[in-house]
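One file, input-v9.cif, is given below (mmCIF, C-alpha atoms).
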data_my_file
#
loop_
_atom_site.label_atom_id
_atom_site.label_comp_id
_atom_site.auth_asym_id
_atom_site.auth_seq_id
_atom_site.Cartn_x
_atom_site.Cartn_y
_atom_site.Cartn_z
CA MET A 1 62.27 19.01 -85.12
CA ALA A 2 63.97 21.91 -86.88
CA PRO A 3 67.25 20.93 -88.54
CA VAL A 4 70.43 22.03 -86.80
CA ASN A 5 72.41 24.54 -88.82
CA ALA A 6 76.17 23.97 -88.58
CA VAL A 7 76.75 27.58 -89.66
CA ARG A 8 75.08 28.73 -86.44
CA ALA A 9 76.76 26.10 -84.27
CA ILE A 10 80.33 26.74 -85.45
CA ARG A 11 81.78 29.72 -87.30
CA ARG A 12 84.01 28.88 -90.24
CA GLN A 13 86.57 31.30 -91.61
CA HIS A 14 85.77 32.92 -94.91
CA GLN A 15 89.30 32.65 -96.23
CA ASP A 16 91.24 29.49 -97.04
CA VAL A 17 93.11 28.65 -93.83
CA ALA A 18 95.83 27.01 -95.92
CA GLU A 19 96.60 30.43 -97.42
CA LYS A 20 95.97 32.93 -94.64
CA PRO A 21 95.63 32.76 -90.85
CA PHE A 22 92.87 34.49 -88.97
CA ILE A 23 95.28 35.75 -86.31
CA VAL A 24 99.02 36.33 -85.87
CA ILE A 25 100.39 36.54 -82.33
CA TRP A 26 103.75 38.27 -81.86
CA GLU A 27 105.67 37.80 -78.63
CA SER A 28 107.27 41.23 -78.73
CA THR A 29 109.39 40.61 -75.63
CA ARG A 30 109.79 38.19 -72.77
CA ALA A 31 110.47 40.98 -70.30
CA CYS A 32 107.78 41.17 -67.63
CA PRO A 33 107.79 42.15 -63.94
CA LEU A 34 105.27 39.44 -63.02
CA ALA A 35 105.96 35.84 -62.02
CA CYS A 36 102.83 34.06 -63.22
CA LEU A 37 102.51 30.42 -62.25
CA HIS A 38 101.47 29.33 -65.74
CA CYS A 39 103.84 31.48 -67.82
CA ARG A 40 104.55 29.89 -71.18
CA ALA A 41 107.45 32.26 -71.86
CA GLU A 42 109.04 31.86 -68.41
CA ALA A 43 109.30 35.65 -68.52
CA VAL A 44 112.28 37.52 -67.07
CA PRO A 45 112.76 41.11 -65.81
CA ASP A 46 115.01 42.30 -68.65
CA ARG A 47 114.62 42.39 -72.41
CA ASP A 48 116.52 39.92 -74.57
CA PRO A 49 119.05 41.58 -76.93
CA ARG A 50 118.02 39.04 -79.59
CA GLU A 51 114.49 40.48 -79.80
CA LEU A 52 113.25 41.77 -83.12
CA ASP A 53 114.23 45.43 -83.15
CA THR A 54 112.00 48.20 -84.47
CA ALA A 55 113.07 47.75 -88.09
CA ALA A 56 112.60 43.97 -87.94
CA ALA A 57 109.22 44.40 -86.26
CA LYS A 58 108.08 46.77 -89.02
CA ASP A 59 109.21 44.24 -91.58
CA LEU A 60 107.12 41.62 -89.78
CA LEU A 61 104.09 43.89 -90.08
CA HIS A 62 104.70 44.10 -93.83
CA GLN A 63 104.88 40.31 -93.96
CA VAL A 64 101.52 40.09 -92.20
CA ALA A 65 100.03 42.57 -94.67
CA ALA A 66 101.40 40.42 -97.51
CA PHE A 67 98.86 37.70 -96.65
CA GLY A 68 96.38 39.91 -98.47
CA HIS A 69 93.38 42.08 -97.65
CA PRO A 70 91.97 41.86 -95.12
CA ALA A 71 95.17 41.13 -93.26
CA PRO A 72 95.10 38.80 -90.24
CA ILE A 73 94.59 40.37 -86.83
CA PHE A 74 98.00 41.11 -85.32
CA VAL A 75 98.23 40.79 -81.53
CA ILE A 76 101.28 42.22 -79.76
CA THR A 77 101.86 40.21 -76.60
CA GLY A 78 104.76 39.20 -74.37
CA GLY A 79 105.98 39.08 -71.61
CA ASP A 80 104.67 42.59 -71.29
CA PRO A 81 104.65 44.58 -74.55
CA PHE A 82 104.61 47.79 -72.51
CA GLN A 83 108.27 47.05 -71.80
CA ARG A 84 109.03 48.00 -75.43
CA PRO A 85 109.63 51.75 -75.91
CA ASP A 86 108.63 51.47 -79.58
CA LEU A 87 105.17 49.99 -78.89
CA LEU A 88 103.19 53.07 -79.93
CA GLU A 89 105.33 53.49 -83.05
CA LEU A 90 104.67 49.89 -84.08
CA ILE A 91 100.93 50.14 -83.50
CA GLY A 92 100.77 53.24 -85.71
CA TYR A 93 102.95 51.61 -88.34
CA GLY A 94 100.66 48.58 -88.43
CA GLU A 95 97.64 50.80 -89.02
CA GLN A 96 99.45 52.47 -91.94
CA ALA A 97 100.30 49.03 -93.38
CA GLY A 98 96.65 47.97 -93.26
CA VAL A 99 97.06 45.60 -90.32
CA ARG A 100 94.62 45.64 -87.41
CA VAL A 101 96.68 45.64 -84.20
CA ALA A 102 95.57 44.56 -80.73
CA VAL A 103 97.66 44.59 -77.56
CA SER A 104 97.86 42.10 -74.71
CA PRO A 105 99.68 43.79 -71.79
CA SER A 106 100.37 42.48 -68.30
CA GLY A 107 98.60 43.90 -65.27
CA THR A 108 101.38 46.10 -63.90
CA PRO A 109 101.69 49.72 -62.72
CA THR A 110 102.53 50.68 -66.32
CA LEU A 111 98.95 49.84 -67.29
CA THR A 112 97.65 53.35 -66.59
CA PRO A 113 94.65 55.15 -68.14
CA GLU A 114 97.09 57.58 -69.77
CA ARG A 115 99.09 54.77 -71.36
CA LEU A 116 95.93 53.06 -72.55
CA ARG A 117 94.79 56.31 -74.13
CA GLU A 118 98.09 56.52 -76.02
CA VAL A 119 97.69 52.93 -77.23
CA HIS A 120 94.14 53.65 -78.35
CA GLU A 121 95.09 56.86 -80.13
CA ALA A 122 98.00 55.09 -81.84
CA GLY A 123 95.45 52.85 -83.54
CA ALA A 124 95.09 49.70 -81.44
CA VAL A 125 91.72 48.08 -82.16
CA GLY A 126 91.52 46.01 -78.99
CA LEU A 127 93.00 45.01 -75.67
CA SER A 128 93.16 41.65 -73.91
CA LEU A 129 93.67 41.35 -70.18
CA SER A 130 94.11 38.34 -67.91
CA LEU A 131 91.87 37.73 -64.91
CA ASP A 132 92.51 34.38 -63.22
CA GLY A 133 90.39 34.88 -60.12
CA SER A 134 87.48 36.94 -58.86
CA THR A 135 89.43 38.14 -55.81
CA ALA A 136 92.80 39.75 -55.24
CA ALA A 137 93.92 36.72 -53.22
CA LEU A 138 93.27 34.34 -56.11
CA HIS A 139 94.47 36.49 -58.98
CA ASP A 140 97.51 38.04 -57.29
CA GLY A 141 98.49 34.64 -55.93
CA PHE A 142 98.43 33.25 -59.45
CA ARG A 143 100.32 36.21 -60.94
CA GLY A 144 102.96 36.26 -58.21
CA VAL A 145 102.77 40.01 -57.44
CA PRO A 146 100.39 41.85 -55.07
CA GLY A 147 98.26 44.59 -56.62
CA VAL A 148 97.84 43.01 -60.07
CA TYR A 149 94.12 42.37 -59.51
CA ARG A 150 93.40 46.03 -58.81
CA TRP A 151 95.60 47.27 -61.67
CA THR A 152 93.80 44.90 -64.04
CA LEU A 153 90.29 45.98 -63.02
CA ASP A 154 91.25 49.66 -63.23
CA ALA A 155 92.77 49.18 -66.69
CA TRP A 156 89.70 47.24 -67.80
CA ASP A 157 87.37 50.05 -66.80
CA ALA A 158 89.67 52.69 -68.31
CA ALA A 159 89.85 50.84 -71.64
CA ARG A 160 86.09 50.46 -71.76
CA ALA A 161 85.69 54.19 -71.04
CA LEU A 162 87.94 54.90 -74.02
CA GLY A 163 85.71 52.77 -76.22
CA MET A 164 88.27 49.99 -76.68
CA LYS A 165 87.20 46.40 -77.30
CA VAL A 166 88.32 44.35 -74.31
CA GLN A 167 88.84 40.59 -74.13
CA ILE A 168 89.24 38.95 -70.72
CA ASN A 169 91.31 35.76 -70.55
CA THR A 170 91.07 33.31 -67.66
CA THR A 171 93.49 30.42 -67.24
CA VAL A 172 91.41 27.42 -66.15
CA ASN A 173 93.38 25.39 -63.60
CA ARG A 174 92.88 23.48 -60.38
CA ARG A 175 93.23 26.63 -58.26
CA ASN A 176 90.27 28.49 -59.76
CA LEU A 177 87.87 25.83 -61.06
CA ARG A 178 85.11 26.65 -58.61
CA ASP A 179 85.70 30.39 -58.91
CA LEU A 180 84.82 30.50 -62.61
CA PRO A 181 81.19 31.64 -62.10
CA ASP A 182 82.45 34.55 -59.99
CA VAL A 183 84.88 35.53 -62.76
CA VAL A 184 81.98 35.46 -65.22
CA ARG A 185 80.07 37.74 -62.84
CA LEU A 186 82.87 40.30 -63.08
CA VAL A 187 82.90 40.03 -66.87
CA HIS A 188 79.15 40.59 -66.91
CA GLU A 189 79.36 43.58 -64.56
CA HIS A 190 82.36 45.35 -66.12
CA GLY A 191 81.50 44.44 -69.72
CA ALA A 192 83.76 42.83 -72.32
CA MET A 193 83.74 42.02 -76.01
CA LEU A 194 84.68 38.43 -75.12
CA TRP A 195 85.56 36.12 -72.22
CA SER A 196 88.05 33.39 -73.08
CA ALA A 197 88.49 30.34 -70.86
CA PHE A 198 92.07 29.27 -71.54
CA PHE A 199 92.77 25.61 -70.78
CA LEU A 200 96.26 25.29 -69.33
CA VAL A 201 98.97 23.76 -71.52
CA PRO A 202 101.82 22.10 -69.58
CA THR A 203 104.68 24.16 -70.95
CA GLY A 204 107.00 26.71 -69.32
CA ARG A 205 106.09 27.35 -65.69
CA GLY A 206 102.69 25.79 -66.38
CA ARG A 207 104.22 22.33 -65.98
CA GLN A 208 104.09 22.89 -62.21
CA LEU A 209 100.31 23.31 -62.06
CA GLY A 210 97.89 20.44 -61.66
CA VAL A 211 96.08 19.14 -64.74
CA LEU A 212 92.35 18.74 -65.19
CA THR A 213 90.81 15.33 -65.64
CA PRO A 214 88.90 14.78 -68.90
CA GLN A 215 85.64 14.75 -66.89
CA GLU A 216 86.45 18.09 -65.28
CA ALA A 217 87.34 19.55 -68.67
CA GLU A 218 84.02 18.32 -70.06
CA ASP A 219 82.13 19.89 -67.15
CA VAL A 220 83.89 23.24 -67.61
CA LEU A 221 83.32 23.27 -71.38
CA ASN A 222 79.60 22.76 -70.87
CA PHE A 223 79.58 25.50 -68.23
CA VAL A 224 81.28 27.87 -70.71
CA TYR A 225 78.60 26.96 -73.25
CA ASP A 226 75.87 27.76 -70.73
CA VAL A 227 77.19 31.19 -69.73
CA GLY A 228 77.48 32.07 -73.41
CA LEU A 229 73.90 33.32 -73.06
CA THR A 230 75.04 35.81 -70.41
CA VAL A 231 78.49 36.90 -71.64
CA PRO A 232 80.18 36.37 -75.04
CA ALA A 233 82.34 33.33 -74.30
CA LYS A 234 84.97 31.23 -76.05
CA THR A 235 87.77 28.85 -75.18
CA THR A 236 91.49 28.82 -75.95
CA GLU A 237 93.43 25.55 -76.27
CA ALA A 238 90.15 23.69 -75.70
CA HIS A 239 89.15 22.94 -79.26
CA HIS A 240 86.72 20.23 -78.16
CA PHE A 241 84.45 23.12 -77.20
CA ARG A 242 83.36 23.00 -80.85
CA ARG A 243 82.28 19.39 -80.35
CA VAL A 244 80.35 20.44 -77.24
CA ALA A 245 78.64 23.26 -79.16
CA LEU A 246 77.42 20.81 -81.81
CA GLN A 247 76.30 18.24 -79.24
CA ARG A 248 74.42 20.81 -77.19
CA LYS A 249 72.70 22.30 -80.24
CA ILE A 250 71.51 18.89 -81.40
CA LEU A 251 70.31 17.88 -77.94
CA THR A 252 68.46 21.20 -77.52
CA ASP A 253 66.69 20.77 -80.85
CA LEU A 254 65.73 17.22 -79.86
CA GLY A 255 64.50 18.39 -76.46
CA GLU A 256 66.86 16.09 -74.55
CA ASP A 257 68.55 16.70 -71.21
CA HIS A 258 72.22 17.38 -71.87
CA VAL A 259 73.38 16.52 -68.35
CA SER A 260 72.40 12.88 -68.62
CA ALA A 261 73.01 12.56 -72.36
CA LEU A 262 76.61 13.82 -72.02
CA GLY A 263 77.32 12.26 -68.63
CA LEU A 264 78.21 15.54 -66.97
CA GLY A 265 79.60 15.37 -63.45
CA SER A 266 79.42 17.01 -60.05
CA LEU A 267 81.71 19.91 -61.01
CA TYR A 268 79.29 20.95 -63.76
CA ARG A 269 76.38 20.92 -61.31
CA GLU A 270 78.38 22.92 -58.79
CA LEU A 271 79.31 25.55 -61.39
CA ARG A 272 75.70 25.81 -62.55
CA TRP A 273 74.40 26.19 -59.00
CA ARG A 274 76.90 28.95 -58.27
CA ALA A 275 75.99 30.70 -61.53
CA ALA A 276 72.33 30.55 -60.52
CA ASP A 277 73.17 32.05 -57.11
CA LEU A 278 74.88 34.93 -58.93
CA GLY A 279 71.93 35.47 -61.28
CA LEU A 280 73.88 34.37 -64.36
CA ASP A 281 71.53 31.62 -65.52
CA SER A 282 68.53 33.59 -66.74
CA GLY A 283 69.63 33.09 -70.33
CA GLY A 284 68.06 34.57 -73.40
CA ARG A 285 69.66 37.95 -72.86
CA ARG A 286 72.03 37.62 -75.81
CA ALA A 287 72.67 35.37 -78.76
CA ARG A 288 75.24 32.69 -78.01
CA ARG A 289 78.55 33.30 -79.79
CA PRO A 290 79.40 30.24 -81.93
CA PRO A 291 83.02 29.09 -81.55
CA LEU A 292 85.42 29.89 -84.39
CA ASP A 293 87.06 27.01 -86.24
CA VAL A 294 90.74 27.88 -85.57
CA ASN A 295 93.57 25.66 -84.39
CA ALA A 296 97.37 25.68 -84.13
CA GLY A 297 98.76 26.16 -87.64
CA ARG A 298 95.22 26.24 -89.03
CA GLY A 299 94.18 29.87 -88.90
CA PHE A 300 96.64 30.63 -86.11
CA VAL A 301 100.38 31.42 -86.10
CA PHE A 302 102.80 32.59 -83.41
CA VAL A 303 106.02 34.58 -83.89
CA SER A 304 108.47 34.57 -81.00
CA HIS A 305 110.51 37.50 -79.69
CA THR A 306 113.48 36.27 -81.74
CA GLY A 307 111.45 35.78 -84.93
CA THR A 308 110.96 32.01 -84.87
CA VAL A 309 107.58 30.86 -86.19
CA HIS A 310 105.41 28.33 -84.36
CA PRO A 311 101.88 26.98 -84.86
CA SER A 312 101.09 28.22 -81.34
CA GLY A 313 102.91 29.91 -78.50
CA PHE A 314 102.31 26.73 -76.53
CA LEU A 315 103.67 24.42 -79.26
CA PRO A 316 107.43 25.08 -79.24
CA LEU A 317 108.21 23.37 -82.55
CA GLY A 318 109.73 25.87 -84.99
CA ALA A 319 109.01 26.09 -88.71
CA GLY A 320 111.38 28.91 -89.70
CA ASN A 321 112.34 32.47 -88.84
CA VAL A 322 110.86 35.69 -90.23
CA ARG A 323 114.34 37.21 -90.44
CA ARG A 324 115.18 34.73 -93.21
CA THR A 325 111.87 33.49 -94.67
CA PRO A 326 108.67 35.51 -95.18
CA LEU A 327 105.90 34.58 -92.79
CA PRO A 328 103.38 33.75 -95.56
CA GLU A 329 105.83 31.26 -97.07
CA ILE A 330 106.40 29.56 -93.70
CA TYR A 331 102.70 29.41 -92.93
CA ARG A 332 101.68 28.11 -96.35
CA THR A 333 104.44 25.64 -97.17
CA SER A 334 106.32 24.41 -94.09
CA GLU A 335 105.90 20.71 -93.38
CA LEU A 336 104.84 21.40 -89.79
CA PHE A 337 102.03 23.77 -90.74
CA THR A 338 100.73 21.74 -93.68
CA GLY A 339 100.79 18.62 -91.52
CA LEU A 340 98.78 20.21 -88.73
CA ARG A 341 96.14 21.25 -91.25
CA ASP A 342 95.63 17.60 -92.25
CA ALA A 343 93.07 16.02 -89.90
CA ASP A 344 93.90 12.59 -91.30
CA ARG A 345 97.30 12.73 -89.61
CA LEU A 346 95.79 12.83 -86.12
CA GLY A 347 96.38 9.77 -83.97
CA GLY A 348 94.58 7.92 -81.19
CA ARG A 349 90.99 8.83 -80.45
CA CYS A 350 91.35 12.16 -82.27
CA GLY A 351 92.19 10.34 -85.50
CA ALA A 352 89.13 8.11 -85.19
CA CYS A 353 86.75 10.83 -84.03
CA GLU A 354 83.81 11.96 -86.14
CA PHE A 355 84.38 15.51 -84.84
CA ARG A 356 88.04 15.66 -85.90
CA ARG A 357 87.53 18.11 -88.77
CA VAL A 358 85.71 20.65 -86.60
CA CYS A 359 87.71 20.02 -83.43
CA GLY A 360 91.14 18.44 -83.85
CA GLY A 361 91.99 18.78 -80.15
CA SER A 362 94.75 20.92 -78.69
CA ARG A 363 97.88 20.13 -80.67
CA SER A 364 99.83 22.11 -78.09
CA ARG A 365 98.61 20.02 -75.16
CA ALA A 366 99.11 16.79 -77.12
CA TYR A 367 102.72 17.77 -77.73
CA GLY A 368 103.24 19.02 -74.17
CA VAL A 369 102.05 15.75 -72.67
CA THR A 370 103.28 13.17 -75.21
CA GLY A 371 105.93 14.90 -77.34
CA ASP A 372 103.81 14.16 -80.45
CA PRO A 373 101.81 17.07 -81.92
CA TYR A 374 99.51 14.59 -83.69
CA ALA A 375 98.63 12.56 -80.58
CA GLU A 376 95.13 12.51 -79.12
CA GLU A 377 93.92 15.36 -76.93
CA PRO A 378 94.82 14.38 -73.33
CA TRP A 379 92.02 16.41 -71.73
CA CYS A 380 89.21 14.99 -73.87
CA GLY A 381 87.24 12.02 -72.57
CA TYR A 382 84.96 11.63 -75.59
CA ARG A 383 84.95 8.17 -77.17
CA PRO A 384 84.47 8.31 -80.95
CA GLY A 385 81.01 7.22 -82.01
CA SER A 386 79.48 7.45 -78.51
CA PHE A 387 77.27 10.49 -79.14
CA PRO A 388 73.76 8.98 -79.24
CA HIS A 389 72.55 10.97 -82.28
CA GLN A 390 75.02 10.09 -85.00
CA ARG A 391 72.46 10.42 -87.79
CA GLU A 392 71.58 13.96 -86.78
CA LEU A 393 75.26 14.81 -86.34
CA ALA A 394 76.11 13.50 -89.81
CA ALA A 395 73.33 15.65 -91.27
CA VAL A 396 74.65 18.71 -89.42
CA LEU A 397 78.20 18.20 -90.62
CA ALA A 398 77.02 17.55 -94.18
CA ALA A 399 74.81 20.65 -94.19
CA GLY A 400 77.52 22.93 -92.89
CA PRO A 401 79.58 25.19 -95.15
CA PRO A 402 82.12 23.30 -97.24
CA PRO A 403 85.81 23.68 -96.34
CA PRO A 404 87.53 26.53 -98.20
CA GLN A 405 89.20 25.55 -101.45
CA GLY A 406 92.54 23.92 -100.81
CA ALA A 407 91.79 23.02 -97.20
CA LYS A 408 91.84 19.41 -96.11
#
Just give me the structure as structure tokens.
Amino acid sequence: MAPVNAVRAIRRQHQDVAEKPFIVIWESTRACPLACLHCRAEAVPDRDPRELDTAAAKDLLHQVAAFGHPAPIFVITGGDPFQRPDLLELIGYGEQAGVRVAVSPSGTPTLTPERLREVHEAGAVGLSLSLDGSTAALHDGFRGVPGVYRWTLDAWDAARALGMKVQINTTVNRRNLRDLPDVVRLVHEHGAMLWSAFFLVPTGRGRQLGVLTPQEAEDVLNFVYDVGLTVPAKTTEAHHFRRVALQRKILTDLGEDHVSALGLGSLYRELRWRAADLGLDSGGRRARRPPLDVNAGRGFVFVSHTGTVHPSGFLPLGAGNVRRTPLPEIYRTSELFTGLRDADRLGGRCGACEFRRVCGGSRSRAYGVTGDPYAEEPWCGYRPGSFPHQRELAAVLAAGPPPPQGAK
């Protein structure tokens, strides 16, 4: 048996995550014409007068650059960032400051090829779009406005024609579980830099949607791993995907059947069968993209429309405000951020889990369900120590790259 290489199973950041995040998300506005069922921001039609204005937004870009070269990726999201008249100015300013800027707009009539060309020419390095169903009925029903599905597909194709890197985000929820293979088919056909399966966090309007059981979450995570040979795939707010990646790599190298070894259920089989019907299971067409070791407050930071700083947009605990305290200082020294980077503070099964330093669970979902950001991951059914190949796992974790200096 060839040894499993943790470098290939999970990607670690090159920089010290205690000093610099991989990505900064800025909620530029909460204004948005959609009424999405899961909306974290509980978006409204009009802009908030308390938003960071153009000058404050430029100062934020300088704060991001102050993390050092290369600066973190800066994603302008919302609401709908196209509601800001200074969007193009800020993208260009970020490029001048040495900050790579990406944009995450809503699927609305403003998302035209002409507008996308302006965003691209201003210097945006990428675009992320949401697609929560493979049909207009599913996607438009989720987004609350008819026509969003068509606008999104048209914008997707237009961005690809411009040469922009496109990420497609899908909110995994009870309404679209069995439609996921069909969404992957669209990603495969239209082409994307990355498909992200976002596991719903019960915050904002998302509290009204049904939750997944831990077994269903496990089945979906293994499905995402499988289709990683067909499309570049990742998860958001499903950090136990990194555990799954390690388990699957070890089982593959040992020649064991993962379905029985991991106790996968009927949903997994149904998703696999549908993927096979769609011709998505041939495998071997691309190298699987290893998941990146990033978590709330550990490589990731969120700045709200009013300047408050949070470990994640789905973890509404504040650690300061960029109007008063520089973002690097908040990220590096605030008690909330330093605490979330300490795996030994995790409670419940997460605290006892052998995967805690490469997983850590969704701190956002833990807080949303229990009110404790250090509680165990509610959508994870793994019992610490139950993976049958602990010796091989220990060797993998020991052989992996050491944590960056200063990281827990």
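Here atom CA of Tyr268 of chain A stands at a distance of 18.2 Å from atom CA of Gly133 of chain A.
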Take the PyMOL selection byres ((chain A and resi 243) around 12), apply it to the structure above, and return the hits as a VMD selection string.
chain A and resid 6 9 to 10 218 221 to 222 225 238 to 242 244 to 250 262 290 to 293 350 353 to 361 380 to 384 387 393 396 to 397
Just how far from atom CA of Ala192 of chain A is atom CA of Phe223 of chain A, in Å to one decimal?
18.3 Å
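Residues matched by the PyMOL selection byres ((chain A and resi 135-137) around 12) in this file: A:Leu131, A:Asp132, A:Gly133, A:Ser134, A:Leu138, A:His139, A:Asp140, A:Gly141, A:Phe142, A:Arg143, A:Gly144, A:Val145, A:Pro146, A:Gly147, A:Val148, A:Tyr149, A:Arg150, A:Trp151, A:Thr152, A:Leu153, A:Arg175, A:Asn176, A:Asp179, A:Leu180, A:Asp182, A:Val183, A:Arg185, A:Leu186.
Picked out by the PyMOL selection byres ((chain A and resi 168-174) around 8) when it runs on this file: A:Ser128, A:Leu129, A:Ser130, A:Leu131, A:Asp132, A:Gly133, A:Val166, A:Gln167, A:Arg175, A:Asn176, A:Leu177, A:Val187, A:Ala192, A:Leu194, A:Trp195, A:Ser196, A:Ala197, A:Phe198, A:Phe199, A:Leu200, A:Leu209, A:Gly210, A:Val211, A:Leu212.
Restricting the calculation to only C-alpha atoms, the smallest distance between Val369 of chain A and any of A:Thr308, A:Val201, A:Gln13, A:Asp226 is found for A:Val201.
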Looking at all atoms listed in the file, which of A:Ala233, A:Leu254, A:Ala217, A:Val301 is the one that sits closest to Trp379 of chain A?
A:Ala217
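Going from atom CA of Leu280 of chain A over to atom CA of Gly107 of chain A, you cover 26.5 Å.
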Using only C-alpha atoms, which protein or nucleic acid residues come within 12 Å of Ala161 of chain A? Drop anything in the same chain fewer than 3 positions from it, and give the result as number ranges by chain.
A: 113-114, 116-117, 120, 154-158, 164-166, 190-192
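Minimum atom-to-atom distance to Leu52 of chain A, evaluated using only C-alpha atoms, belongs to A:Glu27 out of A:Asp219, A:Glu27, A:Glu189, A:Asp80.
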